[in-house]
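See below for the structure under consideration.
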Amino acid sequence: MGRTIISLIEAEYRRYKSLGEGALEQLDAQELIADAEGGNSIATIVWHIAGNLESRFTDFLETDGEKAWRDRESEFERRLATPAEVRAKWEEGWGVVLNTLDQLADADLSATITIRGIPLTVDEALFRSLAHTSYHVGQIVYIAKGLRASSWKYLTIPPGASAAYNADLALEKAG
């Protein structure tokens, strides 16, 4: 059971999970539920990511990725969630995708699944999901950075540190 490509995809999911967690950990309870100017709160984005991952990756190879039990519209409702509830919701969604990826092999990449009745190969669905998830994790990081302002702890190479980073190739492998 070869897993070269699946392992690479899984590593990217884990990288974005880690980036999101690095942002979430820097926020207090009020910042997690504060509506972003003209947009969603971080808690809302977490509910959407979790809902999407749970729907897409539950019975991944057997059933349509848009489950009848998913209430996508409710994911975007304003919510007063505690940091523990936000973290639990985050873990629910990520747990489903990471468990599913753990069960896949490269031989599964050419299989066909459906999302909203549209047939996709597994590799197409994985790349589509990874792009969607990374987009929303980017939103979380961007909003969190704005909320924390000067107290923000950079999750990637901070401004002014590119030369030092590039001089130490071990740092690239660590990220």
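Chain labels follow the order of the structure tokens: the first chain is A, the next B, and so on; residue numbering restarts at 1 in every chain, and ligands are counted from 1 in their shown order.
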Do a neighbour search on region 70-77 of chain A at 10 Å with only C-alpha atoms, toss out local chain neighbours closer than 6 positions, and write the hits as a VMD selection string.
chain A and resid 40 to 41 43 to 52 54 to 56
Could you pull the residues within 9 Å of Ile42 (chain A), counting only C-alpha atoms, minus those fewer than 6 positions along the same chain, as an mmCIF file with all heavy atoms, in the first residue's frame?
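The result, stored in around_21.cif:
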data_model
loop_
_atom_site.group_PDB
_atom_site.id
_atom_site.type_symbol
_atom_site.label_atom_id
_atom_site.label_comp_id
_atom_site.auth_asym_id
_atom_site.auth_seq_id
_atom_site.Cartn_x
_atom_site.Cartn_y
_atom_site.Cartn_z
ATOM 1 N N LEU A 24 -5.202 30.720 16.494
ATOM 2 C CA LEU A 24 -6.231 30.577 17.525
ATOM 3 C C LEU A 24 -5.651 30.729 18.927
ATOM 4 O O LEU A 24 -6.271 31.340 19.803
ATOM 5 C CB LEU A 24 -6.933 29.224 17.400
ATOM 6 C CG LEU A 24 -7.763 28.977 16.143
ATOM 7 C CD1 LEU A 24 -8.267 27.536 16.110
ATOM 8 C CD2 LEU A 24 -8.915 29.951 16.039
ATOM 9 N N GLU A 31 -11.983 37.925 21.150
ATOM 10 C CA GLU A 31 -11.430 38.024 19.799
ATOM 11 C C GLU A 31 -11.912 36.876 18.911
ATOM 12 O O GLU A 31 -12.097 37.058 17.712
ATOM 13 C CB GLU A 31 -9.906 38.061 19.856
ATOM 14 C CG GLU A 31 -9.388 39.367 20.459
ATOM 15 C CD GLU A 31 -7.922 39.322 20.819
ATOM 16 O OE1 GLU A 31 -7.420 38.236 21.191
ATOM 17 O OE2 GLU A 31 -7.277 40.378 20.741
ATOM 18 N N LEU A 32 -12.120 35.711 19.491
ATOM 19 C CA LEU A 32 -12.595 34.562 18.708
ATOM 20 C C LEU A 32 -13.994 34.779 18.148
ATOM 21 O O LEU A 32 -14.325 34.260 17.086
ATOM 22 C CB LEU A 32 -12.588 33.296 19.568
ATOM 23 C CG LEU A 32 -11.226 32.704 19.866
ATOM 24 C CD1 LEU A 32 -11.352 31.606 20.914
ATOM 25 C CD2 LEU A 32 -10.564 32.178 18.603
ATOM 26 N N ILE A 33 -14.822 35.538 18.861
ATOM 27 C CA ILE A 33 -16.213 35.717 18.422
ATOM 28 C C ILE A 33 -16.492 37.090 17.828
ATOM 29 O O ILE A 33 -17.602 37.355 17.371
ATOM 30 C CB ILE A 33 -17.201 35.423 19.569
ATOM 31 C CG1 ILE A 33 -16.994 36.388 20.738
ATOM 32 C CG2 ILE A 33 -17.101 33.966 20.008
ATOM 33 C CD1 ILE A 33 -18.056 36.288 21.812
ATOM 34 N N ALA A 34 -15.463 37.957 17.807
ATOM 35 C CA ALA A 34 -15.647 39.298 17.253
ATOM 36 C C ALA A 34 -15.849 39.205 15.742
ATOM 37 O O ALA A 34 -15.085 38.540 15.042
ATOM 38 C CB ALA A 34 -14.433 40.160 17.572
ATOM 39 N N ASP A 35 -16.896 39.877 15.265
ATOM 40 C CA ASP A 35 -17.123 39.904 13.820
ATOM 41 C C ASP A 35 -16.034 40.730 13.158
ATOM 42 O O ASP A 35 -15.749 41.854 13.581
ATOM 43 C CB ASP A 35 -18.493 40.511 13.493
ATOM 44 C CG ASP A 35 -19.634 39.582 13.853
ATOM 45 O OD1 ASP A 35 -19.418 38.363 13.909
ATOM 46 O OD2 ASP A 35 -20.747 40.079 14.073
ATOM 47 N N ALA A 36 -15.418 40.158 12.146
ATOM 48 C CA ALA A 36 -14.430 40.897 11.375
ATOM 49 C C ALA A 36 -15.166 41.971 10.580
ATOM 50 O O ALA A 36 -16.336 41.793 10.214
ATOM 51 C CB ALA A 36 -13.678 39.956 10.439
ATOM 52 N N VAL A 86 -14.652 26.420 20.560
ATOM 53 C CA VAL A 86 -14.010 26.671 19.259
ATOM 54 C C VAL A 86 -12.959 25.602 19.009
ATOM 55 O O VAL A 86 -12.902 25.012 17.922
ATOM 56 C CB VAL A 86 -13.400 28.092 19.201
ATOM 57 C CG1 VAL A 86 -12.550 28.271 17.954
ATOM 58 C CG2 VAL A 86 -14.494 29.151 19.253
ATOM 59 N N GLN A 139 -7.731 33.174 6.127
ATOM 60 C CA GLN A 139 -8.620 34.187 6.683
ATOM 61 C C GLN A 139 -8.449 34.278 8.194
ATOM 62 O O GLN A 139 -8.390 35.378 8.760
ATOM 63 C CB GLN A 139 -10.076 33.868 6.361
ATOM 64 C CG GLN A 139 -10.457 34.055 4.916
ATOM 65 C CD GLN A 139 -11.898 33.639 4.674
ATOM 66 O OE1 GLN A 139 -12.359 32.616 5.166
ATOM 67 N NE2 GLN A 139 -12.617 34.449 3.901
ATOM 68 N N ILE A 140 -8.397 33.134 8.855
ATOM 69 C CA ILE A 140 -8.228 33.110 10.310
ATOM 70 C C ILE A 140 -6.935 33.815 10.695
ATOM 71 O O ILE A 140 -6.909 34.665 11.596
ATOM 72 C CB ILE A 140 -8.257 31.663 10.847
ATOM 73 C CG1 ILE A 140 -9.674 31.080 10.740
ATOM 74 C CG2 ILE A 140 -7.735 31.591 12.284
ATOM 75 C CD1 ILE A 140 -9.762 29.599 11.039
ATOM 76 N N ILE A 143 -7.198 37.684 10.044
ATOM 77 C CA ILE A 143 -8.046 38.364 11.035
ATOM 78 C C ILE A 143 -7.340 38.387 12.392
ATOM 79 O O ILE A 143 -7.309 39.421 13.075
ATOM 80 C CB ILE A 143 -9.426 37.678 11.141
ATOM 81 C CG1 ILE A 143 -10.205 37.842 9.835
ATOM 82 C CG2 ILE A 143 -10.223 38.245 12.315
ATOM 83 C CD1 ILE A 143 -11.435 36.940 9.737
ATOM 84 N N ALA A 144 -6.765 37.259 12.782
ATOM 85 C CA ALA A 144 -6.078 37.180 14.076
ATOM 86 C C ALA A 144 -4.915 38.159 14.141
ATOM 87 O O ALA A 144 -4.720 38.842 15.155
ATOM 88 C CB ALA A 144 -5.599 35.748 14.329
#
Between A:Gly160, A:Pro119, A:Gly146, A:Gly138, single out the one closest to Arg15 (chain A), counting only C-alpha atoms.
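When distances to Arg15 (chain A) are compared using only C-alpha atoms, the smallest one comes from A:Gly138.
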For Gln30 (chain A), which residue among A:Ala88, A:Asp59, A:Leu80, A:Tyr16 is the nearest when counting only C-alpha atoms?
A:Leu80
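Residues in contact with Ile118 (chain A) at up to 12 Å, not including ones fewer than 5 positions away on its chain and judged by only C-alpha atoms, are Thr63, Asp64, Gly65, Glu66, Thr112, Ile113, Glu124 and Ala125 of chain A.
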Would you please work out which residue, of A:Gly39, A:Tyr142, A:Trp69, A:Asp102, is nearest to Gly22 (chain A) when using only C-alpha atoms?
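Among the listed residues, the smallest separation from Gly22 (chain A) belongs to A:Tyr142.
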Expected answer as a count of residues only: strand (DSSP E or B) residues in chain A:
8
Considering only C-alpha atoms, return as a PyMOL selection string whatever protein or nucleic-acid residues lie within 8 Å of Val96 (chain A), sequence-local ones (same chain, fewer than 4 positions apart) excluded.
chain A and resi 53-54+57-58+92+100
All residues 12 Å or closer to Glu172 (chain A), only C-alpha atoms, same chain fewer than 4 positions away omitted, as a ChimeraX atom specification:
/A:156-157,162,164-168
List the neighbours of Val141 (chain A) out to 8 Å using only C-alpha atoms; skip same-chain residues closer than 5 positions along the sequence, and give me the result as a PyMOL selection string.
chain A and resi 19-20+23
